[in-house]
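Novice: Before I ask anything, here is the structure I am working with.
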Amino acid sequence: MKERLPILIVDDDKRMANTLVDILNTKGYGAEAAYSGHEALAMVKKGLFDCVLTDIKMPVMNGVELFKAIKKENSDLPVVMMTAYSTDRVVKEGIEQGAIATLTKPLDINALLSFFSTLRKECSIVIVDDDPQFCKTLGDILRKRSFRVTEITDPSDLGDMLRPDVQVVLLDIKLNGVTGLDVLKEIRKQYPHLPVIMVTGYQKEMAPAIEACLKIGAYTCLYKPFEIEELLKILTEIRHQKLGRILGQAC
Amino acid sequence: MKKDRTTEARQLKELRNRAEKLLSGRAEDIQGIPGDDIQKLVHELQVHQIELEMQNEELRKAQVELEESRNRYYDLYDFAPIGYFTFDQKGLILEVNLAGADLLGVERSHLMKMAFSRSVAPEEQALFSFHRNKVSESKARQTCKLKLVKRDGTPFYAQLESIAVQDTEGNFNKLRTAITDITDLKRAEEALKEYSGQLEEKVEERTRELKDAQEELIRKEKLAMLGQMAGSVSHELRNPFGVISNAVYYLKTILPNADETTKKYLEMISAEVRNSNRIVSGLLDISRTQPAERKKIIISELVDQALEKQPPPEGIKVTTKIPSGLPPVFIDPLQISQVLVNLITNAYQAMGKGGTLTIKARTDKDKVSLSITDTGCGISKENMNKLFEPLFTTRSRGIGLGLSVSKNLLEVNGGSIEVESPSTEFRTGKGGKGSTFTVILPTNEVHS
């Protein structure tokens, strides 16, 4: 868990920004306020924040414009919007552009706190592959990117290792003794919504098995050797969806 | 009436005899007259005789011309297209032309000395004698319209134009009257009157329709304006609400050990902010008029959802009688759900002392009608007309947009709303016997 999750609060209404900063800091976060889009962007460029919560309706640079600018700087940075004008067209635009959620004022502070608390936790990933070499290398890379990783080479161990805080499973389709499909079915019994990413080196031969896995809700399938950036992109996507759900908005 | 030549010759001879007699009385005077003078006298006489004969001939000619003219006028009189009558002072017929006899449907000879009043409808007798008196007194031309009756009983309308006529001694004792059949005219007049009446009715109806349309337009405009206003005010209020609720949250967090009163007051503030925000959200919901996104919906599911959203308060029982197998309705589920929630909320509020809410549905051709009946206070006749007007409310709290908005939402979904309250039929001192709002929804996709 990070010590003090740095959060940037952006609102041209200083009282709104300041009260939020005060609340979050009392709850142990490292929140700071910016009172305009440009000010916020300059602070983001310094790379100091792990999350941005911005108002939409602001003069000069509005929240959606700020969000677009932030995306150019750091596409992984989670951005949440807030507004008093729930019917505005800009709200739709924000969601379409990939903001995690749009909240209406007055904010539900409890939901916001549980959102930040999830954000503060490192993302926990389980890798299931009978190739220890693959497990080790991928685990090391992800740990460097501040994920919490558990490697499993024997699928029969999976039952003990799966915990409610696990956020993603990477699952090889062809394992020793059992198929990835069977393992997936086992996972589904206990965690029907846990995102599972299938992995295989045999794109053609495994096609029917891949098809079957996707059919029962596998998130997607990656083909070895895959770019680590591609995996990270998917992991960010999954994380943002989960965060959105906490704020009551499924993306 | 022509006199023949023989009569004329006889008359001339008689005239001569009378003249000779007159002459013989003075014969003695001739004896003493000298011969030359006699010659002269005879000549004079002869000239005189010729002169007289010439004069006579001219007179005869004049008489013939007079008779011809008289005959001509008599023909004109008889064959004129309108009836000419001559009455005496009592109204007896002295003279009548053929057209006049025709009008009354009687042979001319039978009309002589007959009272004209026999041909006047009984109810108009007085009018006829009044007309005669008026003519005699004024000595001027007078007109009147009378209902007459032919001999065979057929009634007809006639116009009488009369003048008083002097006899040779200067007494006005006769009436000359021209009578025209105006039945066709009268009928045309009546038809015209009827038509103009119908026209007036039509104009009135059209005016009423226009007025209704105008009122509807005003209602919609008023609603749109109010919606806009409510929307922007609500939005603007959310900003300060946000700050207040943040501030209270902060205070509660940093003051976990505050005294009970402080805690109570802080709780009061956050509860009231929540309340205010709920009111504002409600306003936003009803002021939002977006185009309908219509799809096929099972009405019983929509009713269940609305009842879940608005569970009955204590003391109110809810009965739903929705037959299975109703066709799905083609509507925007969000909008119609809002209508149902509005109607259900109203029904609960009408039953402050408890009661029963009954929701029934039935299908009729390509419509499904859903009725929501309460056993509450009912609606008075005066309020019935204003029910769907924006800002009309009987509640001490509430702004009176619910029904007005519901009506609009139904209209954009191809539906309609009707209301019935027994209190509008028999108003007893005890007040009404509840109300029924019926929502009619289309099942057909074509009706939009």
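Letters A, B, ... go to the chains of the structure tokens in the order shown; residues in each chain start at 1; ligands are counted from 1 in the same order.
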Excluding same-chain residues fewer than 2 positions from Ser406 of chain B, what lies within 9 Å of it counting only C-alpha atoms, as JSON, numbers by chain?
Specialist: {"B": [286, 335, 336, 338, 339, 340, 342, 343, 388, 401, 402, 403, 404, 408, 409, 410, 411, 417]}
Novice: Write the residues of the selection above to a file with all heavy atoms, as a compact mmCIF listing (two decimals), in the first residue's frame.
Specialist:
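Result file is result_29.txt:
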```txt
# COMPACT_ATOMS: atom_id res chain seq x y z
N ILE B 286 -38.24 15.87 -13.76
CA ILE B 286 -39.47 16.22 -14.46
C ILE B 286 -39.27 17.31 -15.50
O ILE B 286 -40.06 17.45 -16.41
CB ILE B 286 -40.59 16.63 -13.48
CG1 ILE B 286 -40.15 17.76 -12.59
CG2 ILE B 286 -41.06 15.45 -12.68
CD1 ILE B 286 -41.23 18.24 -11.68
N GLN B 335 -39.33 7.20 -19.49
CA GLN B 335 -40.32 8.28 -19.44
C GLN B 335 -41.64 7.79 -18.85
O GLN B 335 -42.24 8.44 -18.00
CB GLN B 335 -40.55 8.86 -20.83
CG GLN B 335 -39.31 9.59 -21.34
CD GLN B 335 -39.53 10.23 -22.69
OE1 GLN B 335 -40.41 9.83 -23.45
NE2 GLN B 335 -38.71 11.21 -23.01
N ILE B 336 -42.10 6.62 -19.30
CA ILE B 336 -43.40 6.13 -18.82
C ILE B 336 -43.29 5.68 -17.37
O ILE B 336 -44.23 5.82 -16.58
CB ILE B 336 -43.94 5.02 -19.73
CG1 ILE B 336 -44.12 5.54 -21.16
CG2 ILE B 336 -45.28 4.48 -19.22
CD1 ILE B 336 -44.97 6.80 -21.27
N GLN B 338 -41.53 7.19 -15.23
CA GLN B 338 -41.65 8.44 -14.49
C GLN B 338 -43.11 8.83 -14.33
O GLN B 338 -43.55 9.29 -13.28
CB GLN B 338 -40.89 9.53 -15.21
CG GLN B 338 -40.71 10.76 -14.34
CD GLN B 338 -40.16 11.94 -15.13
OE1 GLN B 338 -39.32 11.77 -16.01
NE2 GLN B 338 -40.65 13.12 -14.83
N VAL B 339 -43.90 8.62 -15.40
CA VAL B 339 -45.33 8.92 -15.34
C VAL B 339 -45.99 8.06 -14.26
O VAL B 339 -46.75 8.57 -13.43
CB VAL B 339 -45.99 8.64 -16.71
CG1 VAL B 339 -47.51 8.72 -16.60
CG2 VAL B 339 -45.49 9.62 -17.76
N LEU B 340 -45.68 6.76 -14.26
CA LEU B 340 -46.30 5.86 -13.29
C LEU B 340 -45.92 6.25 -11.86
O LEU B 340 -46.76 6.28 -10.97
CB LEU B 340 -45.90 4.40 -13.57
CG LEU B 340 -46.37 3.83 -14.91
CD1 LEU B 340 -46.00 2.36 -15.02
CD2 LEU B 340 -47.88 4.00 -15.07
N ASN B 342 -45.09 9.18 -10.81
CA ASN B 342 -45.85 10.40 -10.50
C ASN B 342 -47.26 10.08 -10.06
O ASN B 342 -47.75 10.59 -9.05
CB ASN B 342 -45.95 11.30 -11.74
CG ASN B 342 -44.70 12.13 -11.94
OD1 ASN B 342 -43.85 12.18 -11.07
ND2 ASN B 342 -44.59 12.76 -13.10
N LEU B 343 -47.94 9.23 -10.85
CA LEU B 343 -49.35 8.94 -10.57
C LEU B 343 -49.50 8.16 -9.26
O LEU B 343 -50.41 8.42 -8.47
CB LEU B 343 -49.97 8.14 -11.73
CG LEU B 343 -50.10 8.92 -13.05
CD1 LEU B 343 -50.64 8.02 -14.15
CD2 LEU B 343 -51.00 10.13 -12.87
N PHE B 388 -54.16 19.51 -15.29
CA PHE B 388 -52.97 19.28 -16.09
C PHE B 388 -52.21 20.57 -16.39
O PHE B 388 -51.30 20.58 -17.20
CB PHE B 388 -53.33 18.55 -17.38
CG PHE B 388 -53.84 17.16 -17.11
CD1 PHE B 388 -55.19 16.90 -17.10
CD2 PHE B 388 -52.96 16.13 -16.84
CE1 PHE B 388 -55.66 15.62 -16.83
CE2 PHE B 388 -53.40 14.86 -16.58
CZ PHE B 388 -54.77 14.60 -16.56
N LEU B 401 -45.95 20.25 -11.07
CA LEU B 401 -45.52 19.98 -12.44
C LEU B 401 -45.77 18.52 -12.82
O LEU B 401 -45.78 18.17 -13.99
CB LEU B 401 -44.03 20.30 -12.60
CG LEU B 401 -43.67 21.78 -12.75
CD1 LEU B 401 -42.18 21.96 -12.88
CD2 LEU B 401 -44.37 22.39 -13.96
N GLY B 402 -45.99 17.67 -11.83
CA GLY B 402 -46.08 16.22 -12.06
C GLY B 402 -47.06 15.81 -13.14
O GLY B 402 -46.68 15.17 -14.12
N LEU B 403 -48.33 16.22 -13.01
CA LEU B 403 -49.34 15.78 -13.97
C LEU B 403 -49.12 16.42 -15.33
O LEU B 403 -49.29 15.78 -16.36
CB LEU B 403 -50.74 16.10 -13.46
CG LEU B 403 -51.29 15.12 -12.43
CD1 LEU B 403 -52.66 15.57 -11.96
CD2 LEU B 403 -51.38 13.72 -13.01
N SER B 404 -48.74 17.69 -15.30
CA SER B 404 -48.50 18.40 -16.54
C SER B 404 -47.38 17.72 -17.33
O SER B 404 -47.49 17.50 -18.54
CB SER B 404 -48.13 19.82 -16.19
OG SER B 404 -47.90 20.56 -17.32
N ASN B 408 -47.42 15.46 -21.00
CA ASN B 408 -46.50 15.68 -22.11
C ASN B 408 -45.70 14.44 -22.46
O ASN B 408 -45.54 14.10 -23.63
CB ASN B 408 -45.52 16.80 -21.75
CG ASN B 408 -46.04 18.13 -22.20
OD1 ASN B 408 -47.25 18.29 -22.37
ND2 ASN B 408 -45.15 19.06 -22.41
N LEU B 409 -45.23 13.75 -21.43
CA LEU B 409 -44.44 12.54 -21.68
C LEU B 409 -45.30 11.51 -22.41
O LEU B 409 -44.83 10.85 -23.33
CB LEU B 409 -43.93 11.96 -20.36
CG LEU B 409 -42.79 12.75 -19.72
CD1 LEU B 409 -42.42 12.13 -18.38
CD2 LEU B 409 -41.57 12.76 -20.63
N LEU B 410 -46.58 11.39 -22.00
CA LEU B 410 -47.45 10.43 -22.66
C LEU B 410 -47.65 10.82 -24.12
O LEU B 410 -47.65 9.98 -25.00
CB LEU B 410 -48.80 10.35 -21.93
CG LEU B 410 -48.73 9.54 -20.64
CD1 LEU B 410 -49.96 9.77 -19.79
CD2 LEU B 410 -48.58 8.06 -20.96
N GLU B 411 -47.82 12.12 -24.36
CA GLU B 411 -48.06 12.56 -25.73
C GLU B 411 -46.87 12.26 -26.64
O GLU B 411 -47.07 11.82 -27.77
CB GLU B 411 -48.39 14.06 -25.76
CG GLU B 411 -49.87 14.29 -25.44
CD GLU B 411 -50.20 15.75 -25.16
OE1 GLU B 411 -49.34 16.62 -25.39
OE2 GLU B 411 -51.32 16.00 -24.67
N ILE B 417 -53.84 10.51 -21.42
CA ILE B 417 -54.24 10.29 -20.03
C ILE B 417 -55.66 10.80 -19.82
O ILE B 417 -56.05 11.81 -20.41
CB ILE B 417 -53.24 10.95 -19.05
CG1 ILE B 417 -53.59 10.59 -17.61
CG2 ILE B 417 -53.19 12.46 -19.23
CD1 ILE B 417 -52.47 10.88 -16.62
```
Novice: Distance cut-off 10 Å, counting only C-alpha atoms - which residues of chain A neighbour chain B? Return them as a ChimeraX atom specification.
Specialist: /A:13-24,26-27,83-87,104-110
Novice: Could you go through segment 24-144 of chain A and tell me which residues DSSP, when run on the backbone, assigns to alpha helix (DSSP H), listing them as JSON, numbers by chain?
Specialist: {"A": [24, 25, 26, 37, 38, 39, 40, 41, 42, 43, 44, 45, 63, 64, 65, 66, 67, 68, 69, 70, 71, 72, 73, 89, 90, 91, 92, 93, 94, 95, 96, 97, 109, 110, 111, 112, 113, 114, 115, 116, 117, 118, 119, 120, 132, 133, 134, 135, 136, 137, 138, 139, 140, 141, 142, 143, 144]}
Novice: Could you check which of A:Gly98, A:Gly201, A:Pro132, A:Gly37 is closest to Lys57 of chain A, using only C-alpha atoms?
Specialist: A:Gly37
Novice: Neighbouring residues of segment 202-219 of chain A were defined as those with any atom within 9 Å, considering only C-alpha atoms; residues of the same chain fewer than 4 positions away were excluded. Please report them as a PyMOL selection string.
Specialist: chain A and resi 173-174+179-181+184-185+188+192-198+223-224
Novice: Please, could you write that set of residues out with C-alpha atoms as a CSV table (one decimal), in the first residue's frame?
Specialist:
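Result went into again-v5.csv, see below:
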```csv
chain,number,residue,atom,x,y,z
A,173,ILE,CA,-4.6,-22.5,-22.3
A,174,LYS,CA,-2.4,-25.7,-22.4
A,179,THR,CA,-6.8,-27.6,-20.0
A,180,GLY,CA,-7.1,-23.9,-19.5
A,181,LEU,CA,-10.8,-24.2,-20.2
A,184,LEU,CA,-11.4,-21.2,-16.2
A,185,LYS,CA,-14.6,-23.1,-15.4
A,188,ARG,CA,-15.9,-19.0,-12.7
A,192,PRO,CA,-18.0,-15.3,-11.8
A,193,HIS,CA,-16.8,-11.7,-12.6
A,194,LEU,CA,-13.0,-12.0,-12.1
A,195,PRO,CA,-11.3,-10.9,-15.3
A,196,VAL,CA,-9.2,-13.8,-16.8
A,197,ILE,CA,-6.8,-13.3,-19.7
A,198,MET,CA,-6.0,-16.4,-21.7
A,223,TYR,CA,-0.5,-14.9,-28.1
A,224,LYS,CA,3.1,-15.6,-27.0
```
Novice: Could you name the residues that touch Pro311 of chain B at 12 Å or less, counting only C-alpha atoms, but leaving out those on the same chain fewer than 4 positions away, as a PyMOL selection string?
Specialist: chain B and resi 303-307+315-318+341+344-345+347-348+357
Novice: Would you output that residue set with C-alpha atoms, as a compact mmCIF listing (two decimals), in the first residue's frame?
Specialist:
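Output saved as out38.txt:
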```
# COMPACT_ATOMS: atom_id res chain seq x y z
CA VAL B 303 -45.62 -1.31 -12.95
CA ASP B 304 -43.62 -3.60 -10.63
CA GLN B 305 -40.54 -1.40 -11.04
CA ALA B 306 -42.52 1.76 -10.31
CA LEU B 307 -44.02 0.19 -7.17
CA GLY B 315 -51.86 2.08 5.92
CA ILE B 316 -52.08 1.80 2.12
CA LYS B 317 -52.77 -1.50 0.43
CA VAL B 318 -51.78 -2.06 -3.19
CA VAL B 341 -44.18 6.97 -10.33
CA ILE B 344 -48.62 6.43 -7.81
CA THR B 345 -47.08 9.15 -5.61
CA ALA B 347 -52.43 8.48 -5.27
CA TYR B 348 -50.56 7.80 -2.02
CA LEU B 357 -54.42 1.64 -4.52
```
Novice: From a backbone DSSP assignment, name each residue in segment 6-244 of chain A labelled strand (DSSP E), as a PyMOL selection string.
Specialist: chain A and resi 6-10+30-34+51-55+79-83+101-104+124-128+148-152+168-172+196-200+220-223
Novice: Output the selection as a compact mmCIF listing (two decimals), in the first residue's frame - N, CA and C atoms for each residue.
Specialist:
```txt
# COMPACT_ATOMS: atom_id res chain seq x y z
N PRO A 6 -1.03 10.40 -3.96
CA PRO A 6 -1.14 11.80 -4.37
C PRO A 6 -2.31 12.01 -5.34
N ILE A 7 -3.25 12.87 -4.96
CA ILE A 7 -4.45 13.11 -5.76
C ILE A 7 -4.53 14.60 -6.09
N LEU A 8 -4.87 14.92 -7.32
CA LEU A 8 -5.05 16.33 -7.70
C LEU A 8 -6.54 16.64 -7.83
N ILE A 9 -6.99 17.64 -7.10
CA ILE A 9 -8.39 18.06 -7.16
C ILE A 9 -8.45 19.36 -7.96
N VAL A 10 -9.28 19.40 -9.02
CA VAL A 10 -9.34 20.60 -9.87
C VAL A 10 -10.76 21.15 -9.87
N GLY A 30 -2.69 12.27 -0.01
CA GLY A 30 -1.88 13.46 -0.27
C GLY A 30 -2.53 14.30 -1.35
N ALA A 31 -3.63 14.95 -1.00
CA ALA A 31 -4.38 15.70 -2.01
C ALA A 31 -3.89 17.13 -2.13
N GLU A 32 -3.93 17.65 -3.35
CA GLU A 32 -3.59 19.05 -3.59
C GLU A 32 -4.66 19.65 -4.49
N ALA A 33 -4.80 20.99 -4.44
CA ALA A 33 -5.83 21.64 -5.23
C ALA A 33 -5.25 22.44 -6.37
N ALA A 34 -5.96 22.46 -7.49
CA ALA A 34 -5.65 23.38 -8.59
C ALA A 34 -6.97 24.06 -8.95
N CYS A 51 -3.80 10.25 -9.43
CA CYS A 51 -5.21 10.34 -9.84
C CYS A 51 -5.60 11.81 -9.91
N VAL A 52 -6.52 12.13 -10.84
CA VAL A 52 -7.02 13.50 -10.96
C VAL A 52 -8.54 13.46 -10.86
N LEU A 53 -9.07 14.37 -9.99
CA LEU A 53 -10.53 14.52 -9.89
C LEU A 53 -10.82 15.95 -10.32
N THR A 54 -11.50 16.11 -11.47
CA THR A 54 -11.70 17.47 -11.99
C THR A 54 -13.16 17.82 -12.24
N ASP A 55 -13.46 19.11 -11.99
CA ASP A 55 -14.77 19.65 -12.34
C ASP A 55 -14.83 19.76 -13.86
N VAL A 79 -8.52 9.49 -14.43
CA VAL A 79 -9.16 10.79 -14.29
C VAL A 79 -10.65 10.58 -14.02
N VAL A 80 -11.15 11.25 -12.97
CA VAL A 80 -12.57 11.21 -12.65
C VAL A 80 -13.12 12.62 -12.81
N MET A 81 -14.30 12.72 -13.40
CA MET A 81 -14.91 14.04 -13.60
C MET A 81 -16.03 14.24 -12.58
N MET A 82 -16.33 15.50 -12.32
CA MET A 82 -17.49 15.81 -11.47
C MET A 82 -18.17 17.06 -12.03
N THR A 83 -19.49 17.12 -11.83
CA THR A 83 -20.21 18.27 -12.37
C THR A 83 -21.55 18.44 -11.66
N ALA A 101 -15.16 7.93 -14.59
CA ALA A 101 -16.55 8.14 -14.21
C ALA A 101 -16.84 9.62 -14.22
N THR A 102 -18.12 9.97 -14.27
CA THR A 102 -18.54 11.35 -14.08
C THR A 102 -19.48 11.37 -12.88
N LEU A 103 -19.09 12.11 -11.86
CA LEU A 103 -19.88 12.15 -10.63
C LEU A 103 -20.70 13.43 -10.59
N THR A 104 -21.90 13.35 -10.00
CA THR A 104 -22.69 14.58 -9.87
C THR A 104 -22.51 15.16 -8.48
N SER A 124 -3.40 -6.73 -7.83
CA SER A 124 -2.91 -8.08 -7.56
C SER A 124 -3.21 -9.00 -8.75
N ILE A 125 -2.12 -9.63 -9.27
CA ILE A 125 -2.27 -10.48 -10.46
C ILE A 125 -1.79 -11.90 -10.16
N VAL A 126 -2.50 -12.90 -10.69
CA VAL A 126 -2.06 -14.29 -10.57
C VAL A 126 -1.72 -14.79 -11.98
N ILE A 127 -0.49 -15.39 -12.12
CA ILE A 127 -0.09 -15.94 -13.42
C ILE A 127 -0.10 -17.46 -13.31
N VAL A 128 -0.86 -18.12 -14.16
CA VAL A 128 -0.91 -19.59 -14.15
C VAL A 128 -0.30 -20.09 -15.45
N ARG A 148 1.24 -6.49 -7.68
CA ARG A 148 1.54 -7.57 -6.75
C ARG A 148 1.28 -8.87 -7.53
N VAL A 149 2.34 -9.75 -7.65
CA VAL A 149 2.22 -10.91 -8.55
C VAL A 149 2.39 -12.22 -7.79
N THR A 150 1.55 -13.20 -8.12
CA THR A 150 1.70 -14.56 -7.60
C THR A 150 1.85 -15.48 -8.82
N GLU A 151 2.92 -16.31 -8.85
CA GLU A 151 3.11 -17.21 -9.98
C GLU A 151 2.73 -18.62 -9.57
N ILE A 152 1.99 -19.32 -10.44
CA ILE A 152 1.57 -20.70 -10.15
C ILE A 152 1.93 -21.56 -11.36
N VAL A 168 -6.77 -9.76 -11.42
CA VAL A 168 -6.68 -10.31 -12.77
C VAL A 168 -5.97 -11.66 -12.71
N VAL A 169 -6.38 -12.59 -13.58
CA VAL A 169 -5.67 -13.87 -13.71
C VAL A 169 -5.18 -13.99 -15.15
N LEU A 170 -3.88 -14.36 -15.30
CA LEU A 170 -3.35 -14.68 -16.63
C LEU A 170 -3.27 -16.19 -16.70
N LEU A 171 -3.94 -16.82 -17.65
CA LEU A 171 -4.10 -18.27 -17.65
C LEU A 171 -3.66 -18.88 -18.98
N ASP A 172 -2.66 -19.79 -18.91
CA ASP A 172 -2.22 -20.50 -20.12
C ASP A 172 -3.30 -21.50 -20.53
N VAL A 196 -10.25 -12.81 -16.51
CA VAL A 196 -9.23 -13.83 -16.80
C VAL A 196 -8.72 -13.61 -18.22
N ILE A 197 -7.39 -13.43 -18.35
CA ILE A 197 -6.80 -13.25 -19.68
C ILE A 197 -6.14 -14.57 -20.09
N MET A 198 -6.58 -15.13 -21.21
CA MET A 198 -6.01 -16.39 -21.68
C MET A 198 -4.69 -16.09 -22.41
N VAL A 199 -3.72 -17.05 -22.26
CA VAL A 199 -2.43 -16.89 -22.93
C VAL A 199 -2.08 -18.20 -23.63
N THR A 200 -1.56 -18.12 -24.86
CA THR A 200 -1.16 -19.35 -25.54
C THR A 200 -0.09 -19.06 -26.59
N THR A 220 -9.95 -11.79 -22.65
CA THR A 220 -9.39 -11.73 -24.01
C THR A 220 -8.33 -12.83 -24.12
N CYS A 221 -7.63 -12.92 -25.25
CA CYS A 221 -6.57 -13.92 -25.39
C CYS A 221 -5.32 -13.26 -25.96
N LEU A 222 -4.16 -13.56 -25.33
CA LEU A 222 -2.88 -13.02 -25.82
C LEU A 222 -2.04 -14.16 -26.38
N TYR A 223 -1.29 -13.87 -27.44
CA TYR A 223 -0.49 -14.91 -28.09
C TYR A 223 0.98 -14.68 -27.84
```
